[in-house]
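J.: Got a file for you: structure-v1.csv, CSV, C-alpha atoms.
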```csv
chain,number,residue,atom,x,y,z
W,1,MET,CA,-7.4,-3.5,34.2
W,2,LYS,CA,-8.1,-4.6,30.6
W,3,ARG,CA,-5.5,-2.1,29.4
W,4,TRP,CA,-2.7,-3.7,31.4
W,5,SER,CA,-3.7,-7.2,30.4
W,6,VAL,CA,-3.6,-6.3,26.7
W,7,ILE,CA,-0.2,-4.5,27.1
W,8,LEU,CA,1.2,-7.5,29.0
W,9,ALA,CA,-0.1,-9.9,26.4
W,10,ALA,CA,1.5,-7.8,23.6
W,11,ILE,CA,4.8,-7.8,25.4
W,12,ALA,CA,4.6,-11.5,26.0
W,13,LEU,CA,3.7,-12.2,22.4
W,14,SER,CA,6.6,-10.2,21.0
W,15,VAL,CA,9.1,-11.8,23.4
W,16,ALA,CA,7.9,-15.3,22.5
W,17,LEU,CA,8.1,-14.6,18.8
W,18,ILE,CA,11.6,-13.1,19.0
W,19,LEU,CA,12.8,-16.1,21.0
W,20,ALA,CA,11.2,-18.4,18.4
W,21,ILE,CA,12.8,-16.7,15.4
W,22,LEU,CA,16.2,-16.6,17.1
W,23,GLU,CA,16.4,-20.3,17.2
W,24,LEU,CA,15.2,-21.0,13.7
W,25,GLY,CA,17.4,-23.2,11.5
W,26,PRO,CA,17.7,-22.7,7.8
W,27,ALA,CA,14.5,-22.9,5.8
W,28,GLY,CA,13.1,-26.2,4.7
W,29,ILE,CA,11.8,-24.9,1.4
W,30,ASP,CA,14.0,-22.6,-0.6
W,31,LEU,CA,12.5,-21.3,-3.8
W,32,ARG,CA,15.6,-19.3,-4.8
W,33,LEU,CA,17.1,-22.1,-6.8
W,34,PRO,CA,14.0,-23.1,-8.9
W,35,VAL,CA,13.4,-19.3,-9.6
W,36,ALA,CA,17.0,-18.9,-10.7
W,37,GLU,CA,16.9,-22.0,-12.9
W,38,ASN,CA,13.7,-21.0,-14.7
W,39,MET,CA,14.6,-17.3,-15.2
W,40,ALA,CA,15.7,-18.0,-18.8
W,41,SER,CA,12.3,-19.1,-19.8
W,42,SER,CA,10.4,-16.4,-18.0
W,43,GLY,CA,10.8,-13.6,-20.5
W,44,VAL,CA,12.3,-11.0,-18.2
W,45,THR,CA,15.6,-10.6,-16.4
W,46,HIS,CA,14.5,-9.2,-13.1
W,47,PRO,CA,13.5,-12.0,-10.7
W,48,VAL,CA,10.8,-10.1,-8.8
W,49,THR,CA,9.0,-9.2,-12.0
W,50,ALA,CA,9.3,-12.8,-13.2
W,51,VAL,CA,7.8,-14.1,-10.0
W,52,LEU,CA,5.1,-11.5,-9.9
W,53,LEU,CA,3.9,-11.8,-13.5
W,54,ASN,CA,4.9,-15.3,-14.6
W,55,PHE,CA,5.6,-17.8,-11.9
W,56,ARG,CA,3.0,-16.4,-9.4
W,57,GLY,CA,0.8,-14.7,-12.0
W,58,TYR,CA,-2.3,-16.1,-10.5
W,59,ASP,CA,-1.7,-14.2,-7.3
W,60,THR,CA,-1.4,-11.0,-9.3
W,61,LEU,CA,-4.5,-11.7,-11.2
W,62,LEU,CA,-6.5,-12.2,-8.0
W,63,GLU,CA,-4.9,-9.1,-6.5
W,64,VAL,CA,-6.3,-6.9,-9.2
W,65,ALA,CA,-9.7,-8.5,-8.7
W,66,VAL,CA,-9.4,-7.7,-5.0
W,67,LEU,CA,-8.6,-4.1,-5.8
W,68,LEU,CA,-11.7,-3.9,-8.1
W,69,ILE,CA,-13.9,-5.4,-5.3
W,70,ALA,CA,-12.6,-2.8,-2.9
W,71,LEU,CA,-13.6,-0.1,-5.4
W,72,PHE,CA,-17.0,-1.6,-5.8
W,73,GLY,CA,-17.4,-1.5,-2.0
W,74,ILE,CA,-16.4,2.2,-2.0
W,75,LEU,CA,-18.9,3.0,-4.8
W,76,ALA,CA,-21.6,1.0,-2.9
W,77,VAL,CA,-21.1,2.9,0.3
W,78,GLY,CA,-21.8,6.1,-1.5
W,79,MET,CA,-21.1,9.6,-0.1
W,80,GLU,CA,-23.3,12.5,0.5
W,81,PRO,CA,-22.2,15.8,-1.1
W,82,LEU,CA,-20.6,18.0,1.4
W,83,PRO,CA,-21.4,21.7,1.6
W,84,SER,CA,-18.8,24.4,0.7
W,85,LEU,CA,-16.3,22.1,-0.8
W,86,VAL,CA,-14.7,24.4,-3.4
W,87,LYS,CA,-11.5,25.9,-2.1
W,88,PRO,CA,-9.8,28.8,-3.9
W,89,ALA,CA,-7.0,27.2,-5.9
W,90,ASP,CA,-3.6,28.4,-5.1
W,91,PRO,CA,-1.9,29.5,-8.3
W,92,MET,CA,1.5,28.5,-7.1
W,93,LEU,CA,0.4,25.0,-6.4
W,94,GLN,CA,-1.3,24.8,-9.7
W,95,ARG,CA,1.9,26.0,-11.5
W,96,LEU,CA,3.9,23.4,-9.6
W,97,ALA,CA,1.4,20.6,-10.4
W,98,ARG,CA,1.3,21.5,-14.1
W,99,PHE,CA,5.1,21.4,-14.1
W,100,ALA,CA,5.5,18.2,-12.2
W,101,CYS,CA,2.9,16.0,-13.9
W,102,PRO,CA,4.6,15.5,-17.3
W,103,LEU,CA,7.8,14.5,-15.4
W,104,VAL,CA,5.8,12.1,-13.3
W,105,ILE,CA,4.2,10.5,-16.4
W,106,VAL,CA,7.6,10.1,-18.0
W,107,ALA,CA,9.0,8.5,-14.8
W,108,GLY,CA,6.0,6.2,-14.6
W,109,VAL,CA,6.3,5.0,-18.2
W,110,TYR,CA,10.1,4.4,-17.6
W,111,LEU,CA,9.4,2.4,-14.5
W,112,LEU,CA,6.9,0.3,-16.5
W,113,TRP,CA,9.4,-0.5,-19.2
W,114,ALA,CA,12.4,-0.9,-16.8
W,115,GLY,CA,10.5,-3.5,-14.7
W,116,ALA,CA,11.8,-6.2,-17.0
W,117,PHE,CA,15.4,-5.5,-16.3
W,118,ARG,CA,15.6,-3.5,-13.0
W,119,PRO,CA,13.5,-2.7,-10.0
W,120,GLY,CA,10.2,-1.3,-11.3
W,121,GLY,CA,7.2,-2.7,-12.9
W,122,ALA,CA,3.5,-2.2,-13.3
W,123,PHE,CA,2.6,-1.5,-9.7
W,124,GLN,CA,5.2,1.1,-9.1
W,125,ALA,CA,4.3,2.8,-12.4
W,126,GLY,CA,0.6,2.7,-11.7
W,127,ALA,CA,1.1,4.1,-8.2
W,128,LEU,CA,3.2,7.0,-9.7
W,129,LEU,CA,0.5,7.9,-12.2
W,130,ALA,CA,-2.2,7.7,-9.6
W,131,ALA,CA,-0.1,10.1,-7.4
W,132,ALA,CA,0.0,12.5,-10.4
W,133,ILE,CA,-3.8,12.4,-10.7
W,134,VAL,CA,-4.2,12.9,-7.0
W,135,LEU,CA,-1.8,15.9,-7.1
W,136,LEU,CA,-3.8,17.4,-9.9
W,137,HIS,CA,-7.0,16.9,-8.0
W,138,LEU,CA,-5.7,18.4,-4.8
W,139,SER,CA,-4.5,21.6,-6.7
W,140,GLY,CA,-7.9,22.0,-8.2
W,141,LEU,CA,-7.1,21.0,-11.8
W,142,TRP,CA,-9.0,17.6,-11.9
W,143,PRO,CA,-12.6,17.2,-10.7
W,144,GLY,CA,-13.6,14.5,-8.3
W,145,TRP,CA,-15.5,11.5,-9.7
W,146,GLY,CA,-19.1,10.8,-9.2
W,147,THR,CA,-20.8,7.7,-10.7
W,148,PRO,CA,-18.3,6.4,-13.2
W,149,SER,CA,-19.0,6.9,-16.9
W,150,TRP,CA,-18.7,4.0,-19.3
W,151,ARG,CA,-15.2,5.1,-20.4
W,152,GLN,CA,-14.1,5.2,-16.7
W,153,ARG,CA,-15.6,1.7,-16.2
W,154,LEU,CA,-13.6,0.5,-19.2
W,155,LEU,CA,-10.4,1.9,-17.9
W,156,LEU,CA,-11.0,0.6,-14.4
W,157,SER,CA,-11.7,-3.0,-15.5
W,158,GLY,CA,-9.5,-3.0,-18.6
W,159,GLY,CA,-6.3,-4.2,-16.9
W,160,PHE,CA,-8.0,-7.1,-15.2
W,161,ALA,CA,-9.8,-8.0,-18.5
W,162,VAL,CA,-6.6,-7.9,-20.5
W,163,PHE,CA,-4.8,-10.1,-17.9
W,164,LEU,CA,-7.6,-12.6,-17.8
W,165,ALA,CA,-7.9,-12.6,-21.6
W,166,VAL,CA,-4.2,-13.3,-22.1
W,167,SER,CA,-4.1,-16.0,-19.5
W,168,VAL,CA,-7.2,-17.7,-20.9
W,169,ALA,CA,-5.9,-17.4,-24.4
W,170,MET,CA,-2.7,-19.2,-23.4
W,171,MET,CA,-4.7,-22.1,-22.1
W,172,GLY,CA,-4.6,-23.5,-25.6
W,173,PHE,CA,-0.8,-23.9,-25.3
W,174,GLY,CA,-0.5,-25.2,-21.8
W,175,ALA,CA,-2.1,-24.6,-18.4
W,176,LEU,CA,-3.8,-21.4,-17.3
W,177,LEU,CA,-1.2,-18.5,-17.2
W,178,GLU,CA,1.5,-20.6,-18.8
W,179,TYR,CA,3.2,-18.4,-21.4
W,180,PRO,CA,4.9,-19.9,-24.5
W,181,GLN,CA,8.6,-19.2,-24.1
W,182,ALA,CA,9.0,-17.2,-27.3
W,183,TYR,CA,6.3,-14.7,-26.5
W,184,ALA,CA,6.7,-14.5,-22.7
W,185,GLY,CA,8.4,-11.1,-22.7
W,186,LEU,CA,6.0,-9.6,-25.1
W,187,LEU,CA,3.0,-10.9,-23.2
W,188,ILE,CA,4.3,-9.7,-19.9
W,189,LEU,CA,4.8,-6.2,-21.4
W,190,LEU,CA,1.3,-6.3,-22.7
W,191,ILE,CA,-0.2,-7.3,-19.4
W,192,GLU,CA,1.9,-4.8,-17.5
W,193,SER,CA,0.8,-1.9,-19.7
W,194,GLY,CA,-2.8,-2.7,-19.2
W,195,LEU,CA,-2.2,-3.2,-15.5
W,196,THR,CA,-0.5,0.2,-15.2
W,197,LEU,CA,-3.3,2.1,-16.8
W,198,SER,CA,-5.9,0.2,-14.8
W,199,LEU,CA,-4.0,0.5,-11.5
W,200,ALA,CA,-3.6,4.2,-12.0
W,201,ALA,CA,-7.3,4.6,-12.5
W,202,ILE,CA,-8.2,2.3,-9.6
W,203,LEU,CA,-5.8,3.8,-7.1
W,204,ALA,CA,-6.7,7.3,-8.1
W,205,GLY,CA,-10.4,6.3,-7.9
W,206,LEU,CA,-9.9,5.1,-4.3
W,207,PHE,CA,-9.1,8.7,-3.6
W,208,LEU,CA,-11.3,10.6,-6.1
W,209,PHE,CA,-14.5,8.6,-5.5
W,210,LEU,CA,-14.3,9.5,-1.8
W,211,SER,CA,-13.6,13.2,-2.2
W,212,ARG,CA,-17.0,14.2,-3.5
W,213,ASP,CA,-15.8,17.4,-5.0
W,214,THR,CA,-17.6,17.0,-8.3
W,215,GLY,CA,-16.4,20.3,-9.7
W,216,GLY,CA,-19.9,21.6,-10.0
W,217,ASN,CA,-21.5,18.5,-11.5
W,218,PRO,CA,-24.0,16.7,-9.4
N,1,MET,CA,24.9,-13.7,13.5
N,2,ILE,CA,23.1,-10.5,14.1
N,3,ASN,CA,22.7,-9.1,10.6
N,4,SER,CA,20.5,-6.4,9.3
N,5,SER,CA,17.7,-8.8,8.3
N,6,LEU,CA,17.4,-10.0,11.8
N,7,VAL,CA,17.2,-6.5,13.2
N,8,PHE,CA,14.3,-5.7,10.9
N,9,THR,CA,12.5,-9.0,11.6
N,10,ILE,CA,12.6,-8.1,15.3
N,11,THR,CA,11.4,-4.6,14.5
N,12,GLY,CA,8.5,-6.1,12.5
N,13,ILE,CA,7.5,-8.3,15.4
N,14,VAL,CA,7.4,-5.4,17.9
N,15,LEU,CA,5.5,-3.3,15.4
N,16,PHE,CA,2.9,-6.1,15.0
N,17,ALA,CA,2.5,-6.4,18.8
N,18,MET,CA,2.2,-2.6,19.2
N,19,GLY,CA,-0.4,-2.4,16.4
N,20,ALA,CA,-2.4,-5.3,17.7
N,21,ALA,CA,-2.5,-3.9,21.2
N,22,ALA,CA,-3.6,-0.5,19.9
N,23,VAL,CA,-6.4,-2.0,17.7
N,24,ILE,CA,-7.8,-3.7,20.7
N,25,MET,CA,-7.5,-0.9,23.2
N,26,MET,CA,-8.4,2.2,21.2
N,27,ASN,CA,-11.9,3.5,20.6
N,28,ASN,CA,-11.4,6.0,17.8
N,29,LEU,CA,-11.9,4.3,14.4
N,30,LEU,CA,-9.3,6.4,12.6
N,31,ARG,CA,-6.7,5.5,15.1
N,32,ARG,CA,-7.6,1.9,14.8
N,33,ILE,CA,-7.1,2.1,11.0
N,34,LEU,CA,-3.7,3.7,11.6
N,35,ALA,CA,-2.8,0.9,14.1
N,36,PHE,CA,-4.0,-1.7,11.6
N,37,ASN,CA,-1.6,-0.3,8.9
N,38,LEU,CA,1.2,-0.5,11.4
N,39,MET,CA,0.4,-4.1,12.0
N,40,GLY,CA,0.5,-4.7,8.2
N,41,SER,CA,3.9,-3.0,7.8
N,42,GLY,CA,5.3,-5.1,10.7
N,43,ILE,CA,4.1,-8.3,9.0
N,44,PHE,CA,5.7,-7.3,5.7
N,45,LEU,CA,9.0,-6.7,7.5
N,46,VAL,CA,8.8,-10.1,9.1
N,47,LEU,CA,8.0,-11.8,5.8
N,48,VAL,CA,11.0,-10.4,4.0
N,49,GLY,CA,13.4,-10.3,6.9
N,50,LEU,CA,12.8,-13.8,8.0
N,51,ALA,CA,13.2,-15.2,4.5
N,52,GLN,CA,16.4,-13.3,4.0
N,53,ARG,CA,17.9,-14.0,7.4
N,54,GLN,CA,20.8,-15.9,5.8
N,55,ASP,CA,21.8,-12.8,3.9
N,56,ALA,CA,20.6,-13.8,0.4
N,57,VAL,CA,18.0,-12.0,-1.7
N,58,ASP,CA,14.8,-14.0,-2.1
N,59,PRO,CA,12.4,-12.7,-4.8
N,60,VAL,CA,9.3,-14.8,-3.9
N,61,PRO,CA,8.5,-13.1,-0.5
N,62,GLN,CA,9.3,-9.7,-2.1
N,63,ALA,CA,6.6,-10.3,-4.7
N,64,MET,CA,4.2,-11.4,-1.9
N,65,VAL,CA,4.9,-8.2,0.1
N,66,LEU,CA,4.4,-6.1,-3.1
N,67,THR,CA,1.0,-7.7,-3.5
N,68,GLY,CA,0.3,-7.2,0.2
N,69,ILE,CA,1.0,-3.4,0.1
N,70,VAL,CA,-1.4,-2.8,-2.7
N,71,VAL,CA,-4.1,-4.9,-1.1
N,72,ALA,CA,-3.5,-3.0,2.2
N,73,VAL,CA,-4.1,0.3,0.6
N,74,ALA,CA,-7.4,-0.9,-0.9
N,75,ALA,CA,-8.5,-2.2,2.4
N,76,THR,CA,-7.6,1.1,4.1
N,77,ALA,CA,-9.6,3.0,1.5
N,78,LEU,CA,-12.7,0.8,2.0
N,79,ALA,CA,-12.3,1.1,5.7
N,80,LEU,CA,-12.1,4.9,5.5
N,81,ALA,CA,-15.2,5.0,3.2
N,82,LEU,CA,-17.1,3.1,5.9
N,83,VAL,CA,-15.9,5.3,8.7
N,84,ARG,CA,-16.8,8.5,6.8
N,85,LYS,CA,-20.3,7.1,6.1
N,86,LEU,CA,-20.7,6.1,9.8
N,87,HIS,CA,-19.7,9.6,10.8
N,88,ALA,CA,-22.0,11.2,8.3
N,89,LEU,CA,-24.9,9.1,9.5
N,90,SER,CA,-24.4,9.1,13.2
N,91,GLY,CA,-21.8,11.7,14.1
N,92,ARG,CA,-19.7,9.2,16.0
N,93,LEU,CA,-16.2,7.9,15.3
N,94,ASP,CA,-16.3,4.9,17.5
N,95,LEU,CA,-18.4,1.7,17.6
N,96,PRO,CA,-20.8,1.1,20.5
N,97,ARG,CA,-19.2,-1.1,23.0
N,98,ARG,CA,-21.0,-3.5,25.3
N,99,ASP,CA,-19.9,-3.0,28.9
N,100,ASN,CA,-18.2,-6.0,30.3
N,101,GLY,CA,-18.1,-4.8,33.9
C,1,MET,CA,33.0,-3.9,17.2
C,2,ILE,CA,29.7,-3.1,15.5
C,3,SER,CA,30.1,-2.3,11.8
C,4,VAL,CA,28.9,0.9,10.4
C,5,SER,CA,26.1,-0.7,8.4
C,6,LEU,CA,24.8,-2.6,11.4
C,7,SER,CA,24.7,0.5,13.5
C,8,PHE,CA,22.8,2.3,10.7
C,9,ASP,CA,20.3,-0.6,10.7
C,10,LEU,CA,19.9,-0.3,14.5
C,11,LEU,CA,19.3,3.4,14.3
C,12,LEU,CA,16.8,2.9,11.5
C,13,ALA,CA,15.0,0.3,13.5
C,14,GLY,CA,14.9,2.6,16.5
C,15,ALA,CA,13.5,5.4,14.3
C,16,LEU,CA,10.8,3.1,13.0
C,17,LEU,CA,9.8,2.1,16.5
C,18,TRP,CA,9.8,5.6,17.7
C,19,SER,CA,7.7,7.0,14.9
C,20,ALA,CA,5.3,4.1,15.3
C,21,TRP,CA,5.0,4.9,19.0
C,22,ARG,CA,4.4,8.5,18.3
C,23,THR,CA,1.7,7.6,15.7
C,24,LEU,CA,-0.2,5.6,18.3
C,25,ALA,CA,0.4,8.0,21.3
C,26,ALA,CA,-0.2,11.4,19.6
C,27,ARG,CA,-2.8,13.5,21.3
C,28,ARG,CA,-4.1,15.1,18.1
C,29,ILE,CA,-5.2,12.9,15.2
C,30,ASP,CA,-3.6,15.0,12.5
C,31,LEU,CA,-0.2,14.7,14.2
C,32,ALA,CA,-0.8,10.9,14.3
C,33,ILE,CA,-1.4,10.9,10.5
C,34,VAL,CA,1.7,13.0,9.8
C,35,MET,CA,3.8,10.6,12.0
C,36,PHE,CA,2.3,7.7,10.0
C,37,ILE,CA,3.6,9.3,6.8
C,38,VAL,CA,7.0,9.7,8.4
C,39,PHE,CA,6.8,6.0,9.4
C,40,GLY,CA,6.1,5.1,5.8
C,41,LEU,CA,9.1,7.0,4.5
C,42,LEU,CA,11.3,5.4,7.1
C,43,MET,CA,10.0,2.0,5.9
C,44,THR,CA,11.1,2.9,2.4
C,45,ILE,CA,14.7,3.2,3.6
C,46,ALA,CA,14.3,0.0,5.5
C,47,TRP,CA,13.3,-1.8,2.3
C,48,THR,CA,16.4,-0.6,0.6
C,49,ARG,CA,18.5,-1.9,3.5
C,50,LEU,CA,16.7,-5.2,3.1
C,51,ARG,CA,17.8,-5.2,-0.6
C,52,ALA,CA,14.1,-5.0,-1.9
C,53,PRO,CA,14.1,-1.8,-4.0
C,54,ASP,CA,10.8,-2.8,-5.7
C,55,ILE,CA,9.0,-2.9,-2.4
C,56,GLY,CA,10.7,0.5,-1.5
C,57,LEU,CA,9.3,2.1,-4.6
C,58,ALA,CA,5.8,0.7,-3.9
C,59,GLU,CA,5.9,1.7,-0.2
C,60,ALA,CA,7.0,5.3,-1.0
C,61,ALA,CA,4.2,5.8,-3.5
C,62,ILE,CA,1.4,3.7,-2.1
C,63,GLY,CA,2.2,3.2,1.6
C,64,ALA,CA,3.3,6.7,2.5
C,65,GLY,CA,1.8,8.7,-0.3
C,66,LEU,CA,-1.6,7.4,-1.1
C,67,THR,CA,-2.5,6.1,2.3
C,68,GLY,CA,-1.4,9.3,4.0
C,69,ALA,CA,-3.4,11.3,1.5
C,70,LEU,CA,-6.5,9.1,2.0
C,71,LEU,CA,-6.2,9.5,5.8
C,72,LEU,CA,-5.8,13.3,5.7
C,73,ASP,CA,-8.7,13.6,3.2
C,74,ALA,CA,-10.9,11.5,5.5
C,75,LEU,CA,-9.9,13.7,8.5
C,76,GLY,CA,-10.7,16.8,6.6
C,77,ALA,CA,-14.1,15.6,5.5
C,78,ILE,CA,-14.9,14.6,9.1
C,79,ARG,CA,-13.9,18.0,10.4
C,80,ARG,CA,-15.9,19.7,7.7
C,81,LYS,CA,-18.9,17.7,8.6
C,82,LYS,CA,-18.5,18.5,12.3
C,83,SER,CA,-18.5,22.2,11.8
C,84,PRO,CA,-20.4,23.1,8.7
C,85,SER,CA,-20.3,26.8,9.7
C,86,LYS,CA,-16.6,26.9,8.8
C,87,ASP,CA,-16.6,28.1,5.2
C,88,ASN,CA,-13.5,27.6,3.1
C,89,ALA,CA,-14.7,29.4,0.1
```
Now that the file is in, can you turn its structure into structure tokens?
T.:
Amino acid sequence: MKRWSVILAAIALSVALILAILELGPAGIDLRLPVAENMASSGVTHPVTAVLLNFRGYDTLLEVAVLLIALFGILAVGMEPLPSLVKPADPMLQRLARFACPLVIVAGVYLLWAGAFRPGGAFQAGALLAAAIVLLHLSGLWPGWGTPSWRQRLLLSGGFAVFLAVSVAMMGFGALLEYPQAYAGLLILLIESGLTLSLAAILAGLFLFLSRDTGGNP
Amino acid sequence: MINSSLVFTITGIVLFAMGAAAVIMMNNLLRRILAFNLMGSGIFLVLVGLAQRQDAVDPVPQAMVLTGIVVAVAATALALALVRKLHALSGRLDLPRRDNG
Amino acid sequence: MISVSLSFDLLLAGALLWSAWRTLAARRIDLAIVMFIVFGLLMTIAWTRLRAPDIGLAEAAIGAGLTGALLLDALGAIRRKKSPSKDNA
């Protein structure tokens, strides 16, 4: 009985929402025009990157903080070591991983740099690098992570720290996260580089901290 | 009038409804995480499709959805860590439900 | 009557809904996760149809790739825990 009432409610909800959006007029607030007008002072030419790192930079700053908090949660939950974790590594897979990883790194760095002019940016580059690390881990070439060492902690929190430092340093010129126009492109590239490395570490850490294959180390 | 953005907006709404019903009805926690991700993807489609329904590219909701995808993967990872811990401690993959008759 | 691009969008929307349905209704959980990865890759094409290539790049790497890998890893760990007599070494 409860099943059918939930299904009927879901169908009613979707029908009501579809009817509602079909009779929507044009939007009251349109942010395309202010974005297009201010693109010249943003430091990059790609509008999505400008919005992400300049106009709505505060959201991106807090997003990296949320990622770090999720990582803290995963570290706090803690995993027990599982028995018989070590699988024999397939040599073909290892050869493929060794071949693919430099290409992935080059593609990631390109995406980071191209984010200023074309679709790309720090998040895509960081995700690509994290995928390379996970690929190496799954083919047995990169051990899982236990409690993070101080170097890993520096890498994990470095991107957020750089972003925060740059935005606070700019407070002397204007409001928080307001870049001076001459340096905006350079600052965005600096922030994005830090974010890429940090994001790669955090996203790979989401996988590697859970896998508990410490490669023989307790 | 029916352009591609509208098609994807409607798809997003149906995905959200399917995901929401599945989260409520299912017992297995892994399946509920899957359904929750489907809900998230549906919402992202609605966000971008509804803003671009007049066939013009809008960068602001695209940036919002980019943020949303990254936060969703972090939430999924945390949820999976909790489910694995629950399974390791109790051997179950569902939460105890109170019988409502 | 219907242009080619609109019919492609309708087919893609149908494929998205079908793969989502198969994710939720699969009997075995590993089939459900694989169908979820398929859904993520179809979403990547949907994002390019919506003229959002940045989101498409992120969805392919994070949504389909990392989330799928996380889910499969969790499933493997749960199965290893259930039957510790199965030795993979």
J.: Extract, using all atoms listed in the file, all DNA, RNA and protein residues at most 9 Å from Arg118 in chain W, discarding same-chain residues fewer than 6 positions from it, and format them as a VMD selection string.
T.: (chain W and resid 45 to 46 49 111) or (chain C and resid 54)
J.: Between CA of Gly140 in chain W and CA of Pro91 in chain W, measure the distance and give it in Å to one decimal.
T.: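 Calculated distance between CA of Gly140 in chain W and CA of Pro91 in chain W is 9.6 Å.
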J.: Counting all atoms listed in the file, give me one row per residue of chain W with an atom at most 6 Å from an atom of chain C, showing the shortest contact pair and its distance in Å to one decimal, sorted by chain then residue number, as JSON lines.
T.:
```
{"residue": "W:Lys87", "atom": "CA", "partner": "C:Ala89", "partner_atom": "CA", "distance": 5.2}
{"residue": "W:Pro119", "atom": "CA", "partner": "C:Asp54", "partner_atom": "CA", "distance": 5.1}
{"residue": "W:Gly120", "atom": "CA", "partner": "C:Asp54", "partner_atom": "CA", "distance": 5.8}
{"residue": "W:Gln124", "atom": "CA", "partner": "C:Ala58", "partner_atom": "CA", "distance": 5.2}
{"residue": "W:Ala127", "atom": "CA", "partner": "C:Ala61", "partner_atom": "CA", "distance": 5.9}
```
J.: Which residues, protein or nucleic acid, reach to within 12 Å of (17.4, -19.4, 15.4) in the file's coordinates when using only C-alpha atoms, and can you give that as a list in words?
T.: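 Residues with an atom at most 12 Å from (17.4, -19.4, 15.4): Leu17, Ile18, Leu19, Ala20, Ile21, Leu22, Glu23, Leu24, Gly25, Pro26 and Ala27 of chain W; Met1, Ile2, Leu6, Leu50, Arg53 and Gln54 of chain N.
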J.: Using all atoms listed in the file and a distance of at most 10 Å, pull out the residues of chain N that contact chain W, as a PyMOL selection string.
T.: chain N and resi 1-2+6+9-22+24-26+46+50-54+56-64+66-68+70-82+84-85+88-89
J.: Between CA of Ser139 in chain W and CA of Arg98 in chain W, what is the distance, to one decimal in Å?
T.: 9.4 Å
J.: For chain N, which of C:Leu11, C:Leu24, C:Val34, C:Ala64 is the closest residue, counting all atoms listed in the file?
T.: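 The answer is C:Leu24, which sits nearest to chain N.
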J.: CA of Gly159 in chain W and CA of Leu197 in chain W, how far apart in Å?
T.: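 Straight-line distance from CA of Leu197 in chain W to CA of Gly159 in chain W works out to 7.0 Å.
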J.: Quick one: residues within 9 Å of Leu16 in chain C, only C-alpha atoms, excluding same-chain residues fewer than 5 positions away - as a PyMOL selection string?
T.: (chain N and resi 11+15) or (chain C and resi 11+21+38-40+42-43+46)
J.: Neighbours of Arg49 in chain C within 10 Å (all atoms listed in the file; same-chain residues fewer than 6 positions away dropped), as a ChimeraX atom specification?
T.: /N:4-5,8 /C:5,8-9,12,43,56
J.: From the set N:Val7, N:Leu86, N:Met39, N:Leu95, which residue has the shortest atom-to-atom contact distance to chain C, counting all atoms listed in the file?
T.: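 With all atoms listed in the file as the atom set, the closest residue is N:Val7.
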J.: Please return, as a count of residues only, all polymer residues that have at least one atom within 9 Å of the point (-17.7, 0.2, 17.9); use only C-alpha atoms and the file's own coordinate frame.
T.: 9
J.: Let me make sure I understand: among C:Leu72, C:Leu50, C:Arg22, C:Met1, which one has the smallest atom-to-atom distance to chain N if we use all atoms listed in the file?
T.: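 Among C:Leu72, C:Leu50, C:Arg22, C:Met1, it is C:Leu50 that comes nearest to chain N.
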J.: Of the candidates C:Ile2, C:Trp47, C:Ala20, C:Ala32, which one gets nearest to Gly49 in chain N if we count all atoms listed in the file?
T.: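 Residue with the minimum atom-to-atom distance to Gly49 in chain N: C:Trp47.
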J.: Find the residues near Phe36 in chain N: any atom within 7 Å, counting only C-alpha atoms, skip ones fewer than 4 places away on the same chain, and give them as a ChimeraX atom specification.
T.: /N:19,23,32,40
J.: Of the residues C:Asp30, C:Arg51, C:Leu41, C:Trp18, which is the one nearest to chain N, using only C-alpha atoms?
T.: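 Closest to chain N of all the choices is C:Arg51.
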J.: Kindly reconstruct range 32-40 of chain N with N, CA and C atoms and present the result as a compact mmCIF listing (two decimals), in the coordinates of the input.
T.:
```txt
# COMPACT_ATOMS: atom_id res chain seq x y z
N ARG N 32 -7.65 3.33 14.98
CA ARG N 32 -7.60 1.90 14.80
C ARG N 32 -7.13 1.53 13.40
N ILE N 33 -7.56 2.34 12.40
CA ILE N 33 -7.10 2.10 11.00
C ILE N 33 -5.59 2.33 10.94
N LEU N 34 -5.10 3.40 11.60
CA LEU N 34 -3.70 3.70 11.60
C LEU N 34 -2.91 2.48 12.25
N ALA N 35 -3.43 1.98 13.39
CA ALA N 35 -2.80 0.90 14.10
C ALA N 35 -2.78 -0.38 13.20
N PHE N 36 -3.88 -0.57 12.47
CA PHE N 36 -4.00 -1.70 11.60
C PHE N 36 -2.92 -1.67 10.49
N ASN N 37 -2.69 -0.46 9.94
CA ASN N 37 -1.60 -0.30 8.90
C ASN N 37 -0.27 -0.58 9.52
N LEU N 38 -0.05 -0.18 10.79
CA LEU N 38 1.20 -0.50 11.40
C LEU N 38 1.43 -1.98 11.55
N MET N 39 0.35 -2.69 11.92
CA MET N 39 0.40 -4.10 12.00
C MET N 39 0.84 -4.72 10.64
N GLY N 40 0.22 -4.21 9.58
CA GLY N 40 0.50 -4.70 8.20
C GLY N 40 1.98 -4.49 7.88
```
